[in-house]
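S.K.: Handing over target_22.cif, mmCIF, C-alpha atoms.
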data_work
#
loop_
_atom_site.group_PDB
_atom_site.id
_atom_site.type_symbol
_atom_site.label_atom_id
_atom_site.label_comp_id
_atom_site.auth_asym_id
_atom_site.auth_seq_id
_atom_site.Cartn_x
_atom_site.Cartn_y
_atom_site.Cartn_z
ATOM 1 C CA MET A 6 -20.493 157.280 135.051
ATOM 2 C CA ALA A 7 -21.933 160.367 133.329
ATOM 3 C CA ALA A 8 -25.340 161.844 134.094
ATOM 4 C CA ILE A 9 -28.241 159.771 132.836
ATOM 5 C CA ASN A 10 -29.474 160.688 129.369
ATOM 6 C CA ILE A 11 -33.110 159.592 129.265
ATOM 7 C CA ASN A 12 -33.453 159.708 125.476
ATOM 8 C CA SER A 13 -30.319 157.571 125.080
ATOM 9 C CA LEU A 14 -31.802 154.955 127.417
ATOM 10 C CA ILE A 15 -35.111 154.901 125.531
ATOM 11 C CA ASN A 16 -33.242 154.587 122.235
ATOM 12 C CA CYS A 17 -31.467 151.525 123.680
ATOM 13 C CA LEU A 18 -34.705 149.523 123.807
ATOM 14 C CA GLY A 19 -33.921 146.155 122.228
ATOM 15 C CA LYS A 20 -30.196 146.348 123.083
ATOM 16 C CA THR A 21 -28.613 144.007 125.622
ATOM 17 C CA ALA A 22 -27.662 144.860 129.191
ATOM 18 C CA ASP A 23 -24.047 144.105 128.261
ATOM 19 C CA MET A 24 -24.160 146.690 125.453
ATOM 20 C CA LEU A 25 -25.504 149.328 127.857
ATOM 21 C CA VAL A 26 -22.730 148.534 130.356
ATOM 22 C CA GLU A 27 -20.102 148.570 127.587
ATOM 23 C CA ASN A 28 -21.335 151.998 126.412
ATOM 24 C CA GLN A 29 -21.280 153.199 130.046
ATOM 25 C CA LEU A 30 -24.991 154.016 130.082
ATOM 26 C CA ILE A 31 -25.415 151.784 133.149
ATOM 27 C CA SER A 32 -23.013 150.072 135.539
ATOM 28 C CA ALA A 33 -22.597 146.327 135.984
ATOM 29 C CA GLY A 34 -23.729 144.507 139.088
ATOM 30 C CA LYS A 35 -26.886 146.447 139.978
ATOM 31 C CA PHE A 36 -29.330 144.041 138.319
ATOM 32 C CA GLU A 37 -32.191 142.693 140.404
ATOM 33 C CA TYR A 38 -34.840 140.001 139.985
ATOM 34 C CA LEU A 39 -38.091 140.909 141.758
ATOM 35 C CA PHE A 40 -38.692 137.265 142.676
ATOM 36 C CA GLU A 41 -37.528 133.794 141.700
ATOM 37 C CA GLY A 42 -38.731 132.455 138.360
ATOM 38 C CA VAL A 43 -39.621 135.824 136.834
ATOM 39 C CA GLU A 44 -38.794 136.317 133.128
ATOM 40 C CA THR A 45 -37.312 139.791 133.591
ATOM 41 C CA PHE A 46 -34.690 141.546 135.678
ATOM 42 C CA ASN A 47 -34.492 145.223 136.585
ATOM 43 C CA TYR A 48 -31.902 147.938 136.836
ATOM 44 C CA GLU A 49 -32.686 151.179 138.690
ATOM 45 C CA PRO A 50 -30.249 153.909 137.563
ATOM 46 C CA GLU A 51 -32.005 156.395 139.837
ATOM 47 C CA THR A 52 -35.031 156.467 142.094
ATOM 48 C CA GLY A 53 -38.295 155.981 140.213
ATOM 49 C CA LEU A 54 -36.611 155.031 136.921
ATOM 50 C CA ILE A 55 -36.544 151.312 136.152
ATOM 51 C CA LEU A 56 -35.045 149.544 133.164
ATOM 52 C CA VAL A 57 -36.643 146.128 132.580
ATOM 53 C CA PHE A 58 -34.620 143.487 130.721
ATOM 54 C CA ASP A 59 -35.712 140.152 129.259
ATOM 55 C CA ASP A 60 -34.083 137.313 131.205
ATOM 56 C CA LYS A 61 -33.278 135.059 128.229
ATOM 57 C CA SER A 62 -32.128 137.567 125.596
ATOM 58 C CA ARG A 63 -30.920 140.143 128.178
ATOM 59 C CA LYS A 64 -32.441 142.846 125.925
ATOM 60 C CA LEU A 65 -33.934 146.052 127.288
ATOM 61 C CA ARG A 66 -37.700 145.611 127.186
ATOM 62 C CA SER A 67 -38.927 148.827 128.820
ATOM 63 C CA VAL A 68 -37.951 152.114 130.453
ATOM 64 C CA GLU A 69 -40.402 152.906 133.265
ATOM 65 C CA PHE A 70 -40.969 156.137 135.201
ATOM 66 C CA THR A 71 -42.826 156.255 138.538
ATOM 67 C CA LEU A 72 -44.369 159.722 138.808
ATOM 68 C CA VAL A 73 -46.752 159.115 141.725
ATOM 69 C CA SER A 74 -46.223 156.444 144.372
ATOM 70 C CA THR A 75 -48.961 153.854 144.832
ATOM 71 C CA SER A 76 -47.271 152.393 147.915
ATOM 72 C CA ARG A 77 -48.502 153.690 151.245
ATOM 73 C CA SER A 78 -45.277 152.675 152.993
ATOM 74 C CA SER A 79 -42.702 154.336 150.715
ATOM 75 C CA GLY A 80 -44.517 157.631 150.179
ATOM 76 C CA SER A 81 -42.568 159.857 147.804
ATOM 77 C CA SER A 82 -39.269 157.961 148.197
ATOM 78 C CA GLU A 83 -39.781 155.954 144.975
ATOM 79 C CA ILE A 84 -40.829 158.854 142.719
ATOM 80 C CA TYR A 85 -38.743 159.878 139.716
ATOM 81 C CA ARG A 86 -37.710 163.548 139.812
ATOM 82 C CA GLY A 87 -35.258 163.828 136.919
ATOM 83 C CA GLU A 88 -35.392 164.846 133.273
ATOM 84 C CA MET A 89 -38.473 163.612 131.405
ATOM 85 C CA PRO A 90 -38.461 162.527 127.774
ATOM 86 C CA PRO A 91 -40.228 165.078 125.575
ATOM 87 C CA PRO A 92 -43.082 165.889 125.299
ATOM 88 C CA PHE A 93 -43.851 164.592 128.814
ATOM 89 C CA THR A 94 -43.545 166.360 132.182
ATOM 90 C CA LEU A 95 -43.268 165.144 135.776
ATOM 91 C CA SER A 96 -46.858 166.160 136.563
ATOM 92 C CA MET A 97 -49.600 165.348 134.046
ATOM 93 C CA ASP A 98 -53.160 164.102 133.922
ATOM 94 C CA LYS A 99 -55.238 162.214 131.365
ATOM 95 C CA VAL A 100 -56.527 165.418 129.715
ATOM 96 C CA ALA A 101 -52.963 166.746 129.254
ATOM 97 C CA VAL A 102 -51.745 163.413 127.832
ATOM 98 C CA ARG A 103 -54.595 163.178 125.348
ATOM 99 C CA THR A 104 -54.078 166.812 124.330
ATOM 100 C CA LEU A 105 -50.411 165.972 123.564
ATOM 101 C CA MET A 106 -50.878 162.492 122.121
ATOM 102 C CA GLY A 107 -54.441 162.315 120.811
ATOM 103 C CA GLU A 108 -56.702 159.320 121.281
ATOM 104 C CA PRO A 109 -54.875 156.163 122.427
ATOM 105 C CA ASP A 110 -54.656 152.994 120.324
ATOM 106 C CA ILE A 111 -55.592 150.889 123.370
ATOM 107 C CA THR A 112 -57.190 152.032 126.606
ATOM 108 C CA SER A 113 -58.469 150.478 129.823
ATOM 109 C CA GLY A 114 -60.659 151.951 132.510
ATOM 110 C CA GLU A 115 -60.542 152.051 136.272
ATOM 111 C CA THR A 116 -59.442 148.768 137.876
ATOM 112 C CA LYS A 117 -59.174 147.504 141.442
ATOM 113 C CA ILE A 118 -55.742 145.995 142.139
ATOM 114 C CA PRO A 119 -55.064 144.050 145.367
ATOM 115 C CA VAL A 120 -52.886 145.948 147.871
ATOM 116 C CA ILE A 121 -52.715 149.089 145.672
ATOM 117 C CA GLY A 122 -56.467 149.739 145.458
ATOM 118 C CA VAL A 123 -58.315 151.434 142.602
ATOM 119 C CA VAL A 124 -56.209 152.720 139.698
ATOM 120 C CA GLY A 125 -57.433 154.778 136.764
ATOM 121 C CA GLY A 126 -56.474 152.401 133.973
ATOM 122 C CA HIS A 127 -54.032 153.122 131.163
ATOM 123 C CA ASP A 128 -53.649 154.440 127.627
ATOM 124 C CA CYS A 129 -51.315 152.809 125.118
ATOM 125 C CA TYR A 130 -49.935 154.618 122.090
ATOM 126 C CA ILE A 131 -48.453 152.276 119.478
ATOM 127 C CA GLN A 132 -45.489 153.908 117.738
ATOM 128 C CA LYS A 133 -47.221 157.291 118.085
ATOM 129 C CA LEU A 134 -44.012 159.353 118.440
ATOM 130 C CA HIS A 135 -42.141 157.289 115.839
ATOM 131 C CA SER A 136 -39.811 160.109 114.756
ATOM 132 C CA MET A 137 -38.607 160.618 118.362
ATOM 133 C CA TYR A 138 -38.861 157.025 119.624
ATOM 134 C CA PRO A 139 -38.704 154.551 116.689
ATOM 135 C CA ASP A 140 -40.477 151.186 117.128
ATOM 136 C CA THR A 141 -41.516 152.203 120.641
ATOM 137 C CA ASN A 142 -44.903 151.943 122.315
ATOM 138 C CA ILE A 143 -45.798 154.329 125.125
ATOM 139 C CA ARG A 144 -48.059 153.262 127.980
ATOM 140 C CA VAL A 145 -49.454 155.894 130.348
ATOM 141 C CA LEU A 146 -50.716 154.615 133.726
ATOM 142 C CA TYR A 147 -53.315 156.616 135.656
ATOM 143 C CA LEU A 148 -54.506 156.913 139.239
ATOM 144 C CA ALA A 149 -58.243 156.850 140.011
ATOM 145 C CA ASP A 150 -58.198 160.697 139.979
ATOM 146 C CA LEU A 151 -56.680 160.487 136.437
ATOM 147 C CA ARG A 152 -53.254 161.885 137.347
ATOM 148 C CA VAL A 153 -50.418 160.078 135.567
ATOM 149 C CA ARG A 154 -48.784 157.659 138.014
ATOM 150 C CA GLY A 155 -46.396 156.047 135.550
ATOM 151 C CA LEU A 156 -45.006 156.262 132.048
ATOM 152 C CA VAL A 157 -43.598 153.232 130.203
ATOM 153 C CA PHE A 158 -41.617 153.201 126.956
ATOM 154 C CA GLU A 159 -41.515 149.648 125.632
ATOM 155 C CA ARG A 160 -40.512 147.533 122.694
ATOM 156 C CA ARG A 161 -41.562 143.980 121.958
ATOM 157 C CA ILE A 162 -38.558 141.642 122.304
#
Please express what this file holds, its structure, as C-alpha cells.

M.R.:
Amino acid sequence: MAAININSLINCLGKTADMLVENQLISAGKFEYLFEGVETFNYEPETGLILVFDDKSRKLRSVEFTLVSTSRSSGSSEIYRGEMPPPFTLSMDKVAVRTLMGEPDITSGETKIPVIGVVGGHDCYIQKLHSMYPDTNIRVLYLADLRVRGLVFERRI
C-alpha cells in the first residue's frame, strides 16, 4: 500500500469502504466497531487518523485527526503526526483557525464531558473551503485552553 494521501481520503467522503479498498487507499480487514449496536465503524490508517464509515451504506462519513490527546492513559500515543490537509497545521489554536477560516457557521462554547473533563467547544464551517473540499463540512474541536485538539472533515450521508 502506498503512502497515505490525506487529500485523496478527504475527497473520498461519501464513497464506500469497498471502493477505498479497491482503489488501494485502505486495506481490507482493519475495520473496527467501537461497541456493539453503534451505527458506524472505523478504520485507522495511521495513529491519530480515523476514517468513520456508516454501518448501513458503508460510506465514508468523516476523516478525523487527533492533534492533542484528551486521554490521560495514552498520552501522546494516539496523536496524528503526518501530513495535514491545507490550510491546516499540526499545531493550531482558535485564533489561528479563525484567522484562516473566518467566523464559523456554528459554534459551541466550553463544555464539561465525563471522563475527559472540560473541553473548549467547537467551530463548524459548512462548505467553507468548497473549492478544495467540495460538499464537505469542517469541524474544529478545541481544548479548554483553546488549542485545537481535533479536526474533522465530514459529509452528510

S.K.: Counting all atoms listed in the file, which of A:Val153, A:Lys35, A:Gly107, A:Cys17 gets nearest to Thr94 of chain A?

M.R.: A:Val153

S.K.: Might you pull out every residue within 12 Å of Ser13 of chain A, with only C-alpha atoms counted and same-chain residues fewer than 5 positions away left off, and present them as a VMD selection string?

M.R.: chain A and resid 8 18 20 25 28 to 31 68 89 to 90 137 to 138

S.K.: Evaluate the PyMOL selection byres ((chain A and resi 117-127) around 8) against this structure - the residues, as a PDB file with C-alpha atoms, keeping the file's coordinate frame, please.

M.R.:
ATOM      1  CA  THR A  75     -48.961 153.854 144.832  1.00  0.00           C
ATOM      2  CA  SER A  76     -47.271 152.393 147.915  1.00  0.00           C
ATOM      3  CA  THR A 112     -57.190 152.032 126.606  1.00  0.00           C
ATOM      4  CA  SER A 113     -58.469 150.478 129.823  1.00  0.00           C
ATOM      5  CA  GLY A 114     -60.659 151.951 132.510  1.00  0.00           C
ATOM      6  CA  GLU A 115     -60.542 152.051 136.272  1.00  0.00           C
ATOM      7  CA  THR A 116     -59.442 148.768 137.876  1.00  0.00           C
ATOM      8  CA  ASP A 128     -53.649 154.440 127.627  1.00  0.00           C
ATOM      9  CA  CYS A 129     -51.315 152.809 125.118  1.00  0.00           C
ATOM     10  CA  ARG A 144     -48.059 153.262 127.980  1.00  0.00           C
ATOM     11  CA  VAL A 145     -49.454 155.894 130.348  1.00  0.00           C
ATOM     12  CA  LEU A 146     -50.716 154.615 133.726  1.00  0.00           C
ATOM     13  CA  TYR A 147     -53.315 156.616 135.656  1.00  0.00           C
ATOM     14  CA  LEU A 148     -54.506 156.913 139.239  1.00  0.00           C
ATOM     15  CA  ALA A 149     -58.243 156.850 140.011  1.00  0.00           C
ATOM     16  CA  ASP A 150     -58.198 160.697 139.979  1.00  0.00           C
ATOM     17  CA  LEU A 151     -56.680 160.487 136.437  1.00  0.00           C
TER      18      LEU A 151
END

S.K.: Would you mind listing what lies within 9 Å of Met106 of chain A as a tab-separated table (two decimals) with C-alpha atoms, in the frame of the given file, with only C-alpha atoms counted and same-chain residues fewer than 3 positions away left out?

M.R.:
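The resulting file, selection.tsv, is reproduced below:
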chain	number	residue	atom	x	y	z
A	101	ALA	CA	-52.96	166.75	129.25
A	102	VAL	CA	-51.74	163.41	127.83
A	103	ARG	CA	-54.60	163.18	125.35
A	109	PRO	CA	-54.88	156.16	122.43
A	130	TYR	CA	-49.94	154.62	122.09
A	133	LYS	CA	-47.22	157.29	118.08
A	134	LEU	CA	-44.01	159.35	118.44

S.K.: Could you state which residues are captured by the PyMOL selection byres ((chain A and resi 159) around 12) in this file, as a ChimeraX atom specification?

M.R.: /A:14-19,55-59,64-70,129-132,138-145,156-158,160-162

S.K.: Those residues with C-alpha atoms, as a PDB file, in the frame of the given file please?

M.R.:
ATOM      1  CA  LEU A  14     -31.802 154.955 127.417  1.00  0.00           C
ATOM      2  CA  ILE A  15     -35.111 154.901 125.531  1.00  0.00           C
ATOM      3  CA  ASN A  16     -33.242 154.587 122.235  1.00  0.00           C
ATOM      4  CA  CYS A  17     -31.467 151.525 123.680  1.00  0.00           C
ATOM      5  CA  LEU A  18     -34.705 149.523 123.807  1.00  0.00           C
ATOM      6  CA  GLY A  19     -33.921 146.155 122.228  1.00  0.00           C
ATOM      7  CA  ILE A  55     -36.544 151.312 136.152  1.00  0.00           C
ATOM      8  CA  LEU A  56     -35.045 149.544 133.164  1.00  0.00           C
ATOM      9  CA  VAL A  57     -36.643 146.128 132.580  1.00  0.00           C
ATOM     10  CA  PHE A  58     -34.620 143.487 130.721  1.00  0.00           C
ATOM     11  CA  ASP A  59     -35.712 140.152 129.259  1.00  0.00           C
ATOM     12  CA  LYS A  64     -32.441 142.846 125.925  1.00  0.00           C
ATOM     13  CA  LEU A  65     -33.934 146.052 127.288  1.00  0.00           C
ATOM     14  CA  ARG A  66     -37.700 145.611 127.186  1.00  0.00           C
ATOM     15  CA  SER A  67     -38.927 148.827 128.820  1.00  0.00           C
ATOM     16  CA  VAL A  68     -37.951 152.114 130.453  1.00  0.00           C
ATOM     17  CA  GLU A  69     -40.402 152.906 133.265  1.00  0.00           C
ATOM     18  CA  PHE A  70     -40.969 156.137 135.201  1.00  0.00           C
ATOM     19  CA  CYS A 129     -51.315 152.809 125.118  1.00  0.00           C
ATOM     20  CA  TYR A 130     -49.935 154.618 122.090  1.00  0.00           C
ATOM     21  CA  ILE A 131     -48.453 152.276 119.478  1.00  0.00           C
ATOM     22  CA  GLN A 132     -45.489 153.908 117.738  1.00  0.00           C
ATOM     23  CA  TYR A 138     -38.861 157.025 119.624  1.00  0.00           C
ATOM     24  CA  PRO A 139     -38.704 154.551 116.689  1.00  0.00           C
ATOM     25  CA  ASP A 140     -40.477 151.186 117.128  1.00  0.00           C
ATOM     26  CA  THR A 141     -41.516 152.203 120.641  1.00  0.00           C
ATOM     27  CA  ASN A 142     -44.903 151.943 122.315  1.00  0.00           C
ATOM     28  CA  ILE A 143     -45.798 154.329 125.125  1.00  0.00           C
ATOM     29  CA  ARG A 144     -48.059 153.262 127.980  1.00  0.00           C
ATOM     30  CA  VAL A 145     -49.454 155.894 130.348  1.00  0.00           C
ATOM     31  CA  LEU A 156     -45.006 156.262 132.048  1.00  0.00           C
ATOM     32  CA  VAL A 157     -43.598 153.232 130.203  1.00  0.00           C
ATOM     33  CA  PHE A 158     -41.617 153.201 126.956  1.00  0.00           C
ATOM     34  CA  ARG A 160     -40.512 147.533 122.694  1.00  0.00           C
ATOM     35  CA  ARG A 161     -41.562 143.980 121.958  1.00  0.00           C
ATOM     36  CA  ILE A 162     -38.558 141.642 122.304  1.00  0.00           C
TER      37      ILE A 162
END

S.K.: Using only C-alpha atoms, find the one residue out of A:Asn10, A:Asn47, A:Val73, A:Lys99 that sits nearest to Ala33 of chain A.

M.R.: A:Asn47

S.K.: In Å to one decimal, how far is atom CA of Arg63 of chain A from atom CA of Asp23 of chain A?

M.R.: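 It comes out at 7.9 Å.
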
S.K.: From the options A:Arg86, A:Gly155, A:Pro92, A:Leu54, which residue's atoms come nearest to Thr104 of chain A, counting all atoms listed in the file?

M.R.: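 Residue with the minimum atom-to-atom distance to Thr104 of chain A: A:Pro92.
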
S.K.: Name all residues at most 6 Å from Leu72 of chain A (count all atoms listed in the file; drop same-chain ones fewer than 6 positions away) and give them as a ChimeraX atom specification.

M.R.: /A:84-85,154-155

S.K.: Interatomic distance between atom CA of Asp60 of chain A and atom CA of Gly42 of chain A?

M.R.: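 Computed distance, atom CA of Asp60 of chain A to atom CA of Gly42 of chain A, equals 9.8 Å.
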
S.K.: Just to confirm, what's the straight-line distance from atom CA of Asp98 of chain A to atom CA of Arg152 of chain A in Å (one decimal)?

M.R.: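 These atoms are spaced 4.1 Å apart.
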